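*Asks:* My structure file work.pdb, PDB, C-alpha atoms, is below:
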MODEL        1
ATOM      1  CA  MET E 573      21.463 -17.879 -49.879
ATOM      2  CA  SER E 574      18.852 -20.512 -49.146
ATOM      3  CA  LYS E 575      15.973 -19.730 -46.829
ATOM      4  CA  GLN E 576      17.049 -22.358 -44.335
ATOM      5  CA  PHE E 577      20.550 -21.022 -44.196
ATOM      6  CA  ALA E 578      19.250 -17.502 -43.660
ATOM      7  CA  SER E 579      17.067 -18.594 -40.776
ATOM      8  CA  LEU E 580      19.975 -20.488 -39.249
ATOM      9  CA  VAL E 581      22.115 -17.383 -39.380
ATOM     10  CA  PHE E 582      19.250 -15.421 -37.857
ATOM     11  CA  LEU E 583      18.876 -17.936 -35.028
ATOM     12  CA  TRP E 584      22.569 -17.823 -34.378
ATOM     13  CA  LEU E 585      22.451 -14.012 -34.221
ATOM     14  CA  ILE E 586      19.616 -14.099 -31.695
ATOM     15  CA  ALA E 587      21.317 -16.746 -29.613
ATOM     16  CA  THR E 588      24.557 -14.822 -29.405
ATOM     17  CA  ALA E 589      23.023 -11.346 -29.085
ATOM     18  CA  LEU E 590      20.915 -11.934 -25.974
ATOM     19  CA  PRO E 591      23.731 -12.340 -23.452
ATOM     20  CA  VAL E 592      25.322  -9.160 -24.758
ATOM     21  CA  ALA E 593      22.216  -7.066 -24.105
ATOM     22  CA  ALA E 594      21.832  -8.328 -20.547
ATOM     23  CA  TYR E 595      24.465  -8.074 -17.836
ATOM     24  CA  THR E 596      26.675 -10.993 -17.057
ATOM     25  CA  LEU E 597      26.120 -12.897 -13.874
ATOM     26  CA  ALA E 598      29.895 -13.142 -13.613
ATOM     27  CA  ASP E 599      29.744  -9.686 -12.044
ATOM     28  CA  PHE E 600      27.693 -11.148  -9.232
ATOM     29  CA  PRO E 601      29.350 -14.374  -8.100
ATOM     30  CA  PHE E 602      27.590 -16.669  -5.626
ATOM     31  CA  ASP E 603      29.088 -19.711  -3.927
ATOM     32  CA  ASP E 604      25.692 -21.352  -3.710
ATOM     33  CA  PRO E 605      23.908 -22.009  -7.035
ATOM     34  CA  LYS E 606      20.593 -21.847  -5.172
ATOM     35  CA  LYS E 607      21.388 -18.286  -4.111
ATOM     36  CA  GLU E 608      22.323 -17.437  -7.672
ATOM     37  CA  GLN E 609      18.968 -18.750  -8.857
ATOM     38  CA  GLU E 610      17.261 -16.678  -6.161
ATOM     39  CA  PHE E 611      19.126 -13.575  -7.322
ATOM     40  CA  ARG E 612      18.012 -14.155 -10.904
ATOM     41  CA  GLU E 613      14.413 -14.674  -9.854
ATOM     42  CA  LEU E 614      14.341 -11.643  -7.583
ATOM     43  CA  THR E 615      15.861  -9.225 -10.096
ATOM     44  CA  GLY E 616      13.549 -10.662 -12.743
ATOM     45  CA  LYS E 617      10.532  -9.768 -10.604
ATOM     46  CA  LEU E 618      11.598  -6.176 -10.037
ATOM     47  CA  ARG E 619      10.971  -3.454 -12.542
ATOM     48  CA  CYS E 620      13.645  -1.079 -13.761
ATOM     49  CA  LEU E 621      12.424   2.473 -13.212
ATOM     50  CA  VAL E 622      14.265   3.918 -16.177
ATOM     51  CA  CYS E 623      13.251   1.476 -18.911
ATOM     52  CA  GLN E 624       9.858   0.681 -17.514
ATOM     53  CA  ASN E 625       9.249  -2.382 -19.627
ATOM     54  CA  GLU E 626      12.385  -4.134 -18.497
ATOM     55  CA  SER E 627      13.161  -5.966 -15.301
ATOM     56  CA  LEU E 628      16.136  -5.147 -13.134
ATOM     57  CA  ALA E 629      17.691  -8.350 -14.421
ATOM     58  CA  ALA E 630      17.354  -7.389 -18.076
ATOM     59  CA  SER E 631      17.923  -3.672 -18.078
ATOM     60  CA  ASP E 632      21.125  -2.079 -19.248
ATOM     61  CA  ALA E 633      20.353   1.236 -17.538
ATOM     62  CA  ASP E 634      22.854   2.699 -15.130
ATOM     63  CA  LEU E 635      20.351   2.786 -12.303
ATOM     64  CA  ALA E 636      19.426  -0.864 -12.888
ATOM     65  CA  GLU E 637      23.107  -1.753 -12.516
ATOM     66  CA  ASP E 638      23.288   0.166  -9.241
ATOM     67  CA  LEU E 639      20.144  -1.510  -7.940
ATOM     68  CA  ARG E 640      21.380  -4.972  -8.956
ATOM     69  CA  ARG E 641      24.543  -4.248  -7.003
ATOM     70  CA  GLU E 642      22.406  -3.123  -4.058
ATOM     71  CA  VAL E 643      20.288  -6.307  -4.204
ATOM     72  CA  TYR E 644      23.443  -8.403  -4.526
ATOM     73  CA  ASP E 645      25.092  -6.763  -1.522
ATOM     74  CA  MET E 646      21.960  -7.264   0.565
ATOM     75  CA  MET E 647      21.737 -10.929  -0.423
ATOM     76  CA  LYS E 648      25.405 -11.390   0.397
ATOM     77  CA  ALA E 649      24.748  -9.814   3.789
ATOM     78  CA  GLY E 650      22.128 -12.479   4.399
ATOM     79  CA  ARG E 651      19.027 -10.288   4.116
ATOM     80  CA  SER E 652      15.848 -12.131   3.183
ATOM     81  CA  LYS E 653      13.931 -11.688  -0.058
ATOM     82  CA  GLU E 654      11.124  -9.916   1.795
ATOM     83  CA  GLU E 655      13.569  -7.479   3.376
ATOM     84  CA  ILE E 656      15.102  -6.636   0.006
ATOM     85  CA  ILE E 657      11.704  -6.077  -1.595
ATOM     86  CA  LYS E 658      10.683  -3.885   1.333
ATOM     87  CA  PHE E 659      13.876  -1.859   0.941
ATOM     88  CA  LEU E 660      13.076  -1.101  -2.683
ATOM     89  CA  VAL E 661       9.354  -0.456  -2.171
ATOM     90  CA  GLN E 662      10.144   2.036   0.610
ATOM     91  CA  ARG E 663      12.224   4.037  -1.846
ATOM     92  CA  TYR E 664      10.537   3.549  -5.184
ATOM     93  CA  GLY E 665       7.003   2.509  -4.269
ATOM     94  CA  ASP E 666       4.931  -0.435  -5.478
ATOM     95  CA  PHE E 667       5.926   0.566  -8.984
ATOM     96  CA  VAL E 668       9.094  -1.564  -8.729
ATOM     97  CA  LEU E 669       6.990  -4.685  -8.330
ATOM     98  CA  TYR E 670       5.740  -6.459 -11.426
ATOM     99  CA  ASP E 671       3.379  -8.266  -9.075
ATOM    100  CA  PRO E 672       1.415  -5.486  -7.348
ATOM    101  CA  PRO E 673       0.244  -6.140  -3.767
ATOM    102  CA  LEU E 674      -3.471  -6.519  -3.073
ATOM    103  CA  LYS E 675      -4.845  -3.324  -1.528
ATOM    104  CA  PRO E 676      -7.692  -0.868  -2.222
ATOM    105  CA  SER E 677      -5.755   1.110  -4.826
ATOM    106  CA  THR E 678      -4.996  -2.063  -6.796
ATOM    107  CA  TYR E 679      -8.432  -3.723  -6.555
ATOM    108  CA  LEU E 680      -9.204  -2.583 -10.102
ATOM    109  CA  ILE E 681      -6.104  -4.319 -11.466
ATOM    110  CA  TRP E 682      -6.704  -7.520  -9.549
ATOM    111  CA  PHE E 683     -10.456  -7.881  -9.873
ATOM    112  CA  GLY E 684     -11.204  -5.823 -13.003
ATOM    113  CA  PRO E 685     -10.610  -8.656 -15.518
ATOM    114  CA  GLY E 686     -12.672 -11.084 -13.418
ATOM    115  CA  VAL E 687     -15.543  -8.621 -13.180
ATOM    116  CA  LEU E 688     -15.430  -8.021 -16.944
ATOM    117  CA  LEU E 689     -15.467 -11.772 -17.520
ATOM    118  CA  LEU E 690     -18.525 -12.158 -15.278
ATOM    119  CA  ILE E 691     -20.350  -9.346 -17.099
ATOM    120  CA  GLY E 692     -19.487 -10.983 -20.416
ATOM    121  CA  ALA E 693     -20.715 -14.387 -19.232
ATOM    122  CA  PHE E 694     -23.952 -12.826 -18.001
ATOM    123  CA  VAL E 695     -24.594 -11.134 -21.343
ATOM    124  CA  VAL E 696     -23.833 -14.314 -23.309
ATOM    125  CA  ILE E 697     -26.092 -16.487 -21.142
ATOM    126  CA  ARG E 698     -28.932 -13.983 -21.349
ATOM    127  CA  THR E 699     -28.660 -13.656 -25.114
ATOM    128  CA  LEU E 700     -28.592 -17.430 -25.602
ATOM    129  CA  LYS E 701     -31.640 -17.856 -23.362
ATOM    130  CA  GLN E 702     -33.580 -15.230 -25.267
ATOM    131  CA  LYS E 703     -32.800 -16.902 -28.587
ATOM    132  CA  LYS E 704     -33.843 -20.288 -27.261
ATOM    133  CA  SER E 705     -37.177 -19.066 -25.927
ATOM    134  CA  ALA E 706     -37.852 -17.262 -29.206
ATOM    135  CA  ARG E 707     -37.264 -20.464 -31.151
ATOM    136  CA  GLU E 708     -39.453 -22.578 -28.863
ATOM    137  CA  LYS E 709     -42.386 -20.219 -29.090
ATOM    138  CA  THR E 710     -45.342 -22.157 -30.561
ATOM    139  CA  LEU E 711     -48.332 -20.668 -32.270
ATOM    140  CA  SER E 712     -51.740 -20.581 -30.672
ATOM    141  CA  ALA E 713     -54.614 -22.345 -32.482
ATOM    142  CA  GLU E 714     -55.965 -19.022 -33.701
ATOM    143  CA  GLU E 715     -52.552 -17.986 -35.109
ATOM    144  CA  GLN E 716     -52.184 -21.369 -36.772
ATOM    145  CA  GLN E 717     -55.498 -20.857 -38.581
ATOM    146  CA  ARG E 718     -54.461 -17.425 -39.801
ATOM    147  CA  VAL E 719     -51.157 -18.769 -41.091
ATOM    148  CA  GLU E 720     -52.912 -21.479 -43.045
ATOM    149  CA  ALA E 721     -55.476 -19.043 -44.420
ATOM    150  CA  LEU E 722     -52.715 -16.716 -45.591
ATOM    151  CA  LEU E 723     -50.761 -19.546 -47.163
ATOM    152  CA  ASN E 724     -53.864 -20.723 -48.998
ATOM    153  CA  THR E 725     -54.638 -17.316 -50.438
ATOM    154  CA  ALA E 726     -51.008 -16.978 -51.450
ATOM    155  CA  SER E 727     -51.012 -20.197 -53.442
ATOM    156  CA  GLU E 728     -54.368 -19.265 -55.047
ATOM    157  CA  THR E 729     -53.101 -15.905 -56.225
ATOM    158  CA  GLN E 730     -49.950 -17.564 -57.527
ATOM    159  CA  GLY E 731     -52.149 -19.940 -59.467
ATOM    160  CA  THR E 732     -54.126 -17.139 -61.075
ATOM    161  CA  ASP E 733     -50.969 -15.317 -62.018
ATOM    162  CA  LYS E 734     -49.903 -18.167 -64.199
TER     163      LYS E 734
ATOM    164  CA  MET L 326     -33.774  -1.224 -20.336
ATOM    165  CA  GLY L 327     -36.280  -0.641 -23.108
ATOM    166  CA  ARG L 328     -35.515  -1.938 -26.546
ATOM    167  CA  SER L 329     -35.495   1.632 -27.825
ATOM    168  CA  LEU L 330     -32.467   2.546 -25.712
ATOM    169  CA  LYS L 331     -30.410  -0.538 -26.512
ATOM    170  CA  PHE L 332     -28.655   1.121 -29.406
ATOM    171  CA  LEU L 333     -27.038   3.444 -26.845
ATOM    172  CA  ILE L 334     -25.000   0.654 -25.208
ATOM    173  CA  PRO L 335     -22.193   0.500 -27.809
ATOM    174  CA  LEU L 336     -22.125   4.265 -27.871
ATOM    175  CA  LEU L 337     -21.695   4.428 -24.105
ATOM    176  CA  LEU L 338     -19.002   1.744 -24.196
ATOM    177  CA  PHE L 339     -17.155   3.635 -26.876
ATOM    178  CA  GLY L 340     -17.478   6.840 -24.873
ATOM    179  CA  GLY L 341     -16.056   5.173 -21.782
ATOM    180  CA  ILE L 342     -13.065   3.725 -23.602
ATOM    181  CA  ALA L 343     -12.434   6.990 -25.434
ATOM    182  CA  LEU L 344     -12.469   8.869 -22.120
ATOM    183  CA  PHE L 345      -9.833   6.577 -20.584
ATOM    184  CA  LEU L 346      -7.631   6.701 -23.670
ATOM    185  CA  TYR L 347      -7.951  10.479 -23.891
ATOM    186  CA  LYS L 348      -6.934  10.804 -20.254
ATOM    187  CA  GLY L 349      -3.973   8.531 -20.949
ATOM    188  CA  LEU L 350      -2.702  10.953 -23.571
ATOM    189  CA  SER L 351      -2.047  13.650 -21.009
ATOM    190  CA  MET L 352      -0.589  11.380 -18.323
ATOM    191  CA  ASP L 353       3.146  11.068 -17.868
ATOM    192  CA  PRO L 354       4.214   7.454 -17.361
ATOM    193  CA  ARG L 355       7.514   8.708 -15.959
ATOM    194  CA  ALA L 356       5.840  10.531 -13.085
ATOM    195  CA  ILE L 357       5.872   7.757 -10.522
ATOM    196  CA  PRO L 358       4.392   8.759  -7.172
ATOM    197  CA  SER L 359       7.125   8.770  -4.563
ATOM    198  CA  PRO L 360       6.461   6.783  -1.400
ATOM    199  CA  LEU L 361       8.859   9.155   0.366
ATOM    200  CA  ILE L 362       6.429  12.075   0.466
ATOM    201  CA  GLY L 363       5.636  12.786   4.104
ATOM    202  CA  LYS L 364       8.745  10.891   5.207
ATOM    203  CA  PRO L 365      11.911  12.433   6.630
ATOM    204  CA  VAL L 366      14.844  13.007   4.309
ATOM    205  CA  PRO L 367      17.058   9.933   4.701
ATOM    206  CA  GLU L 368      20.285  10.284   6.632
ATOM    207  CA  PHE L 369      23.235  11.147   4.451
ATOM    208  CA  SER L 370      26.697  12.590   4.746
ATOM    209  CA  LEU L 371      28.452  13.446   1.502
ATOM    210  CA  PRO L 372      31.456  15.533   0.493
ATOM    211  CA  ARG L 373      30.715  19.026  -0.824
ATOM    212  CA  LEU L 374      31.381  19.507  -4.486
ATOM    213  CA  ASP L 375      31.686  23.261  -4.122
ATOM    214  CA  ALA L 376      33.829  23.231  -0.987
ATOM    215  CA  PRO L 377      36.243  20.291  -0.983
ATOM    216  CA  GLY L 378      37.018  18.898   2.444
ATOM    217  CA  GLU L 379      33.612  19.858   3.856
ATOM    218  CA  LYS L 380      30.529  17.686   4.178
ATOM    219  CA  VAL L 381      26.806  18.126   3.575
ATOM    220  CA  THR L 382      24.517  16.160   5.863
ATOM    221  CA  ARG L 383      20.820  15.851   6.545
ATOM    222  CA  LYS L 384      21.216  18.311   9.452
ATOM    223  CA  ASP L 385      22.072  21.119   7.037
ATOM    224  CA  LEU L 386      18.551  20.931   5.636
ATOM    225  CA  LEU L 387      16.780  21.422   8.962
ATOM    226  CA  GLY L 388      15.175  24.625  10.244
ATOM    227  CA  LYS L 389      14.019  26.115   6.940
ATOM    228  CA  VAL L 390      12.035  25.282   3.854
ATOM    229  CA  SER L 391      14.434  24.230   1.115
ATOM    230  CA  LEU L 392      14.709  22.584  -2.265
ATOM    231  CA  LEU L 393      16.933  19.622  -2.988
ATOM    232  CA  ASN L 394      17.733  19.365  -6.667
ATOM    233  CA  VAL L 395      19.234  16.190  -8.136
ATOM    234  CA  TRP L 396      21.379  16.895 -11.189
ATOM    235  CA  ALA L 397      24.393  15.765 -13.177
ATOM    236  CA  THR L 398      26.487  17.031 -16.047
ATOM    237  CA  TRP L 399      25.527  13.998 -18.164
ATOM    238  CA  CYS L 400      21.857  14.936 -17.865
ATOM    239  CA  VAL L 401      20.622  16.952 -20.819
ATOM    240  CA  SER L 402      17.449  18.295 -19.205
ATOM    241  CA  CYS L 403      19.521  19.465 -16.235
ATOM    242  CA  ARG L 404      21.353  21.750 -18.612
ATOM    243  CA  ALA L 405      18.020  23.164 -19.747
ATOM    244  CA  GLU L 406      16.837  23.521 -16.154
ATOM    245  CA  HIS L 407      19.971  25.169 -14.834
ATOM    246  CA  GLY L 408      19.119  28.700 -15.927
ATOM    247  CA  VAL L 409      15.700  28.416 -14.293
ATOM    248  CA  LEU L 410      17.357  27.349 -11.043
ATOM    249  CA  VAL L 411      19.842  30.212 -11.162
ATOM    250  CA  ASP L 412      16.939  32.651 -11.620
ATOM    251  CA  PHE L 413      14.997  31.007  -8.834
ATOM    252  CA  ALA L 414      17.904  31.195  -6.408
ATOM    253  CA  ARG L 415      18.374  34.890  -7.227
ATOM    254  CA  THR L 416      14.758  35.928  -6.796
ATOM    255  CA  HIS L 417      13.438  33.715  -4.021
ATOM    256  CA  LYS L 418      14.760  33.506  -0.514
ATOM    257  CA  ILE L 419      14.800  29.736  -0.291
ATOM    258  CA  PRO L 420      17.999  27.771  -0.112
ATOM    259  CA  VAL L 421      18.465  25.320  -2.971
ATOM    260  CA  TYR L 422      20.647  22.332  -2.198
ATOM    261  CA  GLY L 423      22.123  20.210  -4.946
ATOM    262  CA  LEU L 424      22.812  16.527  -5.169
ATOM    263  CA  ASP L 425      25.283  15.814  -7.940
ATOM    264  CA  TRP L 426      24.436  12.277  -8.982
ATOM    265  CA  LYS L 427      27.074   9.840 -10.297
ATOM    266  CA  ASP L 428      29.113  12.539 -11.895
ATOM    267  CA  ASP L 429      32.621  13.533 -12.782
ATOM    268  CA  GLU L 430      33.877  15.843 -10.041
ATOM    269  CA  ALA L 431      36.035  18.169 -12.119
ATOM    270  CA  GLY L 432      33.411  18.349 -14.868
ATOM    271  CA  ALA L 433      30.682  19.225 -12.385
ATOM    272  CA  GLN L 434      32.799  21.955 -10.785
ATOM    273  CA  ALA L 435      33.500  23.420 -14.202
ATOM    274  CA  TRP L 436      29.772  23.316 -15.018
ATOM    275  CA  LEU L 437      28.940  25.419 -11.931
ATOM    276  CA  GLU L 438      31.689  27.880 -12.713
ATOM    277  CA  ARG L 439      30.582  28.283 -16.298
ATOM    278  CA  LEU L 440      26.794  28.335 -15.831
ATOM    279  CA  GLY L 441      26.507  29.885 -12.370
ATOM    280  CA  ASN L 442      25.919  28.213  -9.036
ATOM    281  CA  PRO L 443      22.356  28.395  -7.697
ATOM    282  CA  TYR L 444      23.083  26.042  -4.805
ATOM    283  CA  VAL L 445      23.965  26.935  -1.221
ATOM    284  CA  ALA L 446      25.734  23.581  -1.083
ATOM    285  CA  VAL L 447      26.124  20.629  -3.446
ATOM    286  CA  ALA L 448      26.461  17.107  -2.114
ATOM    287  CA  PHE L 449      28.608  14.953  -4.351
ATOM    288  CA  ASP L 450      27.116  11.464  -4.633
ATOM    289  CA  LYS L 451      29.738   9.629  -6.621
ATOM    290  CA  ILE L 452      28.317   6.116  -6.274
ATOM    291  CA  GLY L 453      24.651   7.092  -6.166
ATOM    292  CA  ARG L 454      23.897   5.492  -2.806
ATOM    293  CA  THR L 455      22.105   8.540  -1.364
ATOM    294  CA  ALA L 456      20.165   8.869  -4.617
ATOM    295  CA  ILE L 457      18.854   5.322  -4.106
ATOM    296  CA  ASP L 458      17.776   6.231  -0.564
ATOM    297  CA  LEU L 459      15.919   9.199  -2.043
ATOM    298  CA  GLY L 460      14.213   6.985  -4.612
ATOM    299  CA  VAL L 461      15.782   8.923  -7.483
ATOM    300  CA  TYR L 462      15.271   7.252 -10.858
ATOM    301  CA  GLY L 463      16.192  10.031 -13.223
ATOM    302  CA  ALA L 464      17.616  13.494 -13.293
ATOM    303  CA  PRO L 465      16.619  16.161 -12.729
ATOM    304  CA  GLU L 466      14.406  15.627  -9.726
ATOM    305  CA  THR L 467      13.511  18.274  -7.182
ATOM    306  CA  PHE L 468      12.352  17.662  -3.623
ATOM    307  CA  VAL L 469      10.578  20.258  -1.478
ATOM    308  CA  ILE L 470      11.655  19.855   2.131
ATOM    309  CA  ASP L 471       9.940  21.506   5.098
ATOM    310  CA  LYS L 472      11.496  22.969   8.252
ATOM    311  CA  LYS L 473      11.456  19.654  10.057
ATOM    312  CA  GLY L 474      13.350  17.936   7.273
ATOM    313  CA  THR L 475      10.320  16.128   5.875
ATOM    314  CA  ILE L 476       9.938  15.590   2.129
ATOM    315  CA  ARG L 477       6.683  17.280   1.147
ATOM    316  CA  HIS L 478       6.750  17.181  -2.638
ATOM    317  CA  LYS L 479       8.797  15.831  -5.492
ATOM    318  CA  ILE L 480       8.971  16.988  -9.078
ATOM    319  CA  ALA L 481      10.437  14.570 -11.603
ATOM    320  CA  GLY L 482      11.786  16.331 -14.641
ATOM    321  CA  PRO L 483      13.061  19.848 -15.217
ATOM    322  CA  LEU L 484      11.602  22.858 -13.399
ATOM    323  CA  SER L 485      10.095  25.593 -15.543
ATOM    324  CA  PRO L 486       9.062  29.146 -14.576
ATOM    325  CA  GLN L 487       5.461  28.017 -15.079
ATOM    326  CA  LEU L 488       5.872  25.019 -12.785
ATOM    327  CA  ILE L 489       7.551  27.163 -10.128
ATOM    328  CA  GLU L 490       4.758  29.736 -10.297
ATOM    329  CA  ASP L 491       1.880  27.245 -10.254
ATOM    330  CA  GLU L 492       3.155  24.415  -8.121
ATOM    331  CA  LEU L 493       6.208  25.348  -6.087
ATOM    332  CA  LEU L 494       5.571  28.871  -4.815
ATOM    333  CA  PRO L 495       2.103  28.171  -3.334
ATOM    334  CA  LEU L 496       3.507  25.131  -1.535
ATOM    335  CA  ILE L 497       6.591  26.997  -0.321
ATOM    336  CA  ASN L 498       4.433  29.831   1.042
ATOM    337  CA  LYS L 499       2.284  27.330   2.867
ATOM    338  CA  LEU L 500       5.285  25.504   4.313
ATOM    339  CA  ASN L 501       6.895  28.787   5.392
ATOM    340  CA  GLN L 502       3.862  29.509   7.547
ATOM    341  CA  GLU L 503       4.114  26.183   9.310
ATOM    342  CA  GLY L 504       5.828  26.185  12.679
TER     343      GLY L 504
ENDMDL
END
Represent the structure from my file as structure tokens, please.

*Replies:*
Amino acid sequence: MSKQFASLVFLWLIATALPVAAYTLADFPFDDPKKEQEFRELTGKLRCLVCQNESLAASDADLAEDLRREVYDMMKAGRSKEEIIKFLVQRYGDFVLYDPPLKPSTYLIWFGPGVLLLIGAFVVIRTLKQKKSAREKTLSAEEQQRVEALLNTASETQGTDK
Amino acid sequence: MGRSLKFLIPLLLFGGIALFLYKGLSMDPRAIPSPLIGKPVPEFSLPRLDAPGEKVTRKDLLGKVSLLNVWATWCVSCRAEHGVLVDFARTHKIPVYGLDWKDDEAGAQAWLERLGNPYVAVAFDKIGRTAIDLGVYGAPETFVIDKKGTIRHKIAGPLSPQLIEDELLPLINKLNQEG
């Protein structure tokens, strides 16, 4: 089997396997394609509590199915996105949100990377400045004389060696 | 900082990272803090698994400190926990309520008959709607409910004699003394 053929088969496997792992949207029919898009986006932003690295949209867990149904029913009943998110946060906490809200307990998550970046920038700038000033340092007249004297003696001793 | 102490910086950084990672080892990512602690038990009215035709409602939980244990026959750790619950119900004078979550009715009844029934009443939540209101995301889960019907504590995962001794009994004693 050629390499190209193998990779084609592999691609085909991936392409056909994905829809099997996820649920089918056919279970959740919408008349309005905009609503359907909203449903996809919303369930994609919510975290499944059983398989914590999967969204509600992607998870195959039983609870995720129940919660999708719950979200679907609420959307059908005309509840807003904010209302649905509030419903879930009241029961499961901020943990269901992939996008945590800004509040004191989440300051570290929101600002931590920025603070680290600032510290890093500070260290880099300081180090570069130190290097520059070290390079620009010129010798005083006295030091210059000493250097020359040393160099002279060095070349004399080299001469005698040979 | 003096030049002499500079060599300590990487050491301190390493120490800090090691501390966080070490702490992470003993943390349970499944233990998600429940936002329902301090909130009243949500309204519910479900058929009783152990007494067909009757209902269990929120009102049944009022007026005493109680446990509400979420379980199911498909849940392996519930099987391991069951004996602990039976012992607990025998030795402590606190009613334990059950919430049978998305289960097979006949199978669940057979389970109680075979393994003993620690519950004063079991609510049968076939579709799991009450479980969603309780923020249940896995079984078993156990809620400690005070006399006013407020959720005071939640334990995710199976109860053990150790956990009951260290965590539950002190809390129950405290709640019993509340008016």

*Asks:* Counting all atoms listed in the file, collect the residues of chain E whose closest atom lies at most 8 Å from chain L, and write them out as JSON, numbers by chain.

*Replies:* {"E": [621, 622, 635, 638, 639, 661, 662, 663, 664, 665, 667]}

*Asks:* Between atom CA of L:Thr382 and atom CA of L:Val445, measure the distance and give it in Å to one decimal.

*Replies:*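 Distance reported for this atom pair: 12.9 Å.
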
*Asks:* Could you tell me which residues the PyMOL selection byres ((chain E and resi 620) around 9) returns for this structure, as a PyMOL selection string?

*Replies:* (chain E and resi 618-619+621-631+633+635-636+639+668) or (chain L and resi 462)

*Asks:* Please return as a list in words every residue within 6 Å of (29.8, 16.0, 0.4), taking into account only C-alpha atoms and the file's own coordinates.

*Replies:* Leu371, Pro372, Arg373, Lys380, Val381, Ala448 and Phe449 of chain L

*Asks:* Atoms to include: C-alpha atoms. Write the selected residues as a short mmCIF file (atom, residue, chain, number, x, y, z; two decimals), in the frame of the given file.

*Replies:*
data_model
loop_
_atom_site.label_atom_id
_atom_site.label_comp_id
_atom_site.auth_asym_id
_atom_site.auth_seq_id
_atom_site.Cartn_x
_atom_site.Cartn_y
_atom_site.Cartn_z
CA LEU L 371 28.45 13.45 1.50
CA PRO L 372 31.46 15.53 0.49
CA ARG L 373 30.72 19.03 -0.82
CA LYS L 380 30.53 17.69 4.18
CA VAL L 381 26.81 18.13 3.58
CA ALA L 448 26.46 17.11 -2.11
CA PHE L 449 28.61 14.95 -4.35
#

*Asks:* Can you spell out as a PDB file with C-alpha atoms, keeping the file's coordinate frame the set of residues that the PyMOL selection byres ((chain L and resi 429) around 10) selects in the structure I just provided?

*Replies:*
ATOM      1  CA  ALA L 397      24.393  15.765 -13.177  1.00  0.00           C
ATOM      2  CA  THR L 398      26.487  17.031 -16.047  1.00  0.00           C
ATOM      3  CA  TRP L 399      25.527  13.998 -18.164  1.00  0.00           C
ATOM      4  CA  ASP L 425      25.283  15.814  -7.940  1.00  0.00           C
ATOM      5  CA  TRP L 426      24.436  12.277  -8.982  1.00  0.00           C
ATOM      6  CA  LYS L 427      27.074   9.840 -10.297  1.00  0.00           C
ATOM      7  CA  ASP L 428      29.113  12.539 -11.895  1.00  0.00           C
ATOM      8  CA  GLU L 430      33.877  15.843 -10.041  1.00  0.00           C
ATOM      9  CA  ALA L 431      36.035  18.169 -12.119  1.00  0.00           C
ATOM     10  CA  GLY L 432      33.411  18.349 -14.868  1.00  0.00           C
ATOM     11  CA  ALA L 433      30.682  19.225 -12.385  1.00  0.00           C
ATOM     12  CA  GLN L 434      32.799  21.955 -10.785  1.00  0.00           C
ATOM     13  CA  PHE L 449      28.608  14.953  -4.351  1.00  0.00           C
ATOM     14  CA  LYS L 451      29.738   9.629  -6.621  1.00  0.00           C
TER      15      LYS L 451
END

*Asks:* Could you check how far atom CA of L:Ile362 sits from atom CA of L:Leu386, in Å to one decimal?

*Replies:*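 According to the coordinates, atom CA of L:Ile362 and atom CA of L:Leu386 are separated by 15.9 Å.
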
*Asks:* Could you check how far atom CA of L:Asn442 sits from atom CA of L:Arg415, in Å to one decimal?

*Replies:*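 Computing it gives 10.2 Å between the two atoms.
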
*Asks:* Given the choices E:Phe577, E:Leu723, E:Leu614, E:Ala598, which gets closest to E:Glu654 if the distance is worked out from all atoms listed in the file?

*Replies:* E:Leu614

*Asks:* Once the PyMOL selection byres ((chain L and resi 498) around 12) has been applied to the shown file, what residues remain in the selection, as an MDAnalysis selection string?

*Replies:* chainID L and resid 389:391 417:419 469 471 489:497 499:503

*Asks:* Would you mind telling me which residue in E:Ser677, E:Trp584, E:Gly692, E:Lys607 lies nearest to E:Lys653 when using only C-alpha atoms?

*Replies:*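 Under the stated criterion, the closest residue is E:Lys607.
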
*Asks:* Complete the atom set of stretch 338-345 of chain L to N, CA and C atoms and return it as a compact mmCIF listing (two decimals), keeping the file's coordinate frame.

*Replies:*
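Written out: part.txt:
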# COMPACT_ATOMS: atom_id res chain seq x y z
N LEU L 338 -20.26 2.48 -24.34
CA LEU L 338 -19.00 1.74 -24.20
C LEU L 338 -17.87 2.48 -24.89
N PHE L 339 -18.17 2.91 -26.11
CA PHE L 339 -17.16 3.64 -26.88
C PHE L 339 -16.74 4.90 -26.13
N GLY L 340 -17.76 5.61 -25.61
CA GLY L 340 -17.48 6.84 -24.87
C GLY L 340 -16.57 6.58 -23.69
N GLY L 341 -16.86 5.50 -22.96
CA GLY L 341 -16.06 5.17 -21.78
C GLY L 341 -14.61 4.89 -22.14
N ILE L 342 -14.43 4.07 -23.18
CA ILE L 342 -13.06 3.72 -23.60
C ILE L 342 -12.34 4.97 -24.09
N ALA L 343 -13.05 5.78 -24.89
CA ALA L 343 -12.43 6.99 -25.43
C ALA L 343 -11.98 7.91 -24.30
N LEU L 344 -12.79 8.00 -23.25
CA LEU L 344 -12.47 8.87 -22.12
C LEU L 344 -11.16 8.42 -21.46
N PHE L 345 -11.04 7.10 -21.21
CA PHE L 345 -9.83 6.58 -20.58
C PHE L 345 -8.61 6.81 -21.48
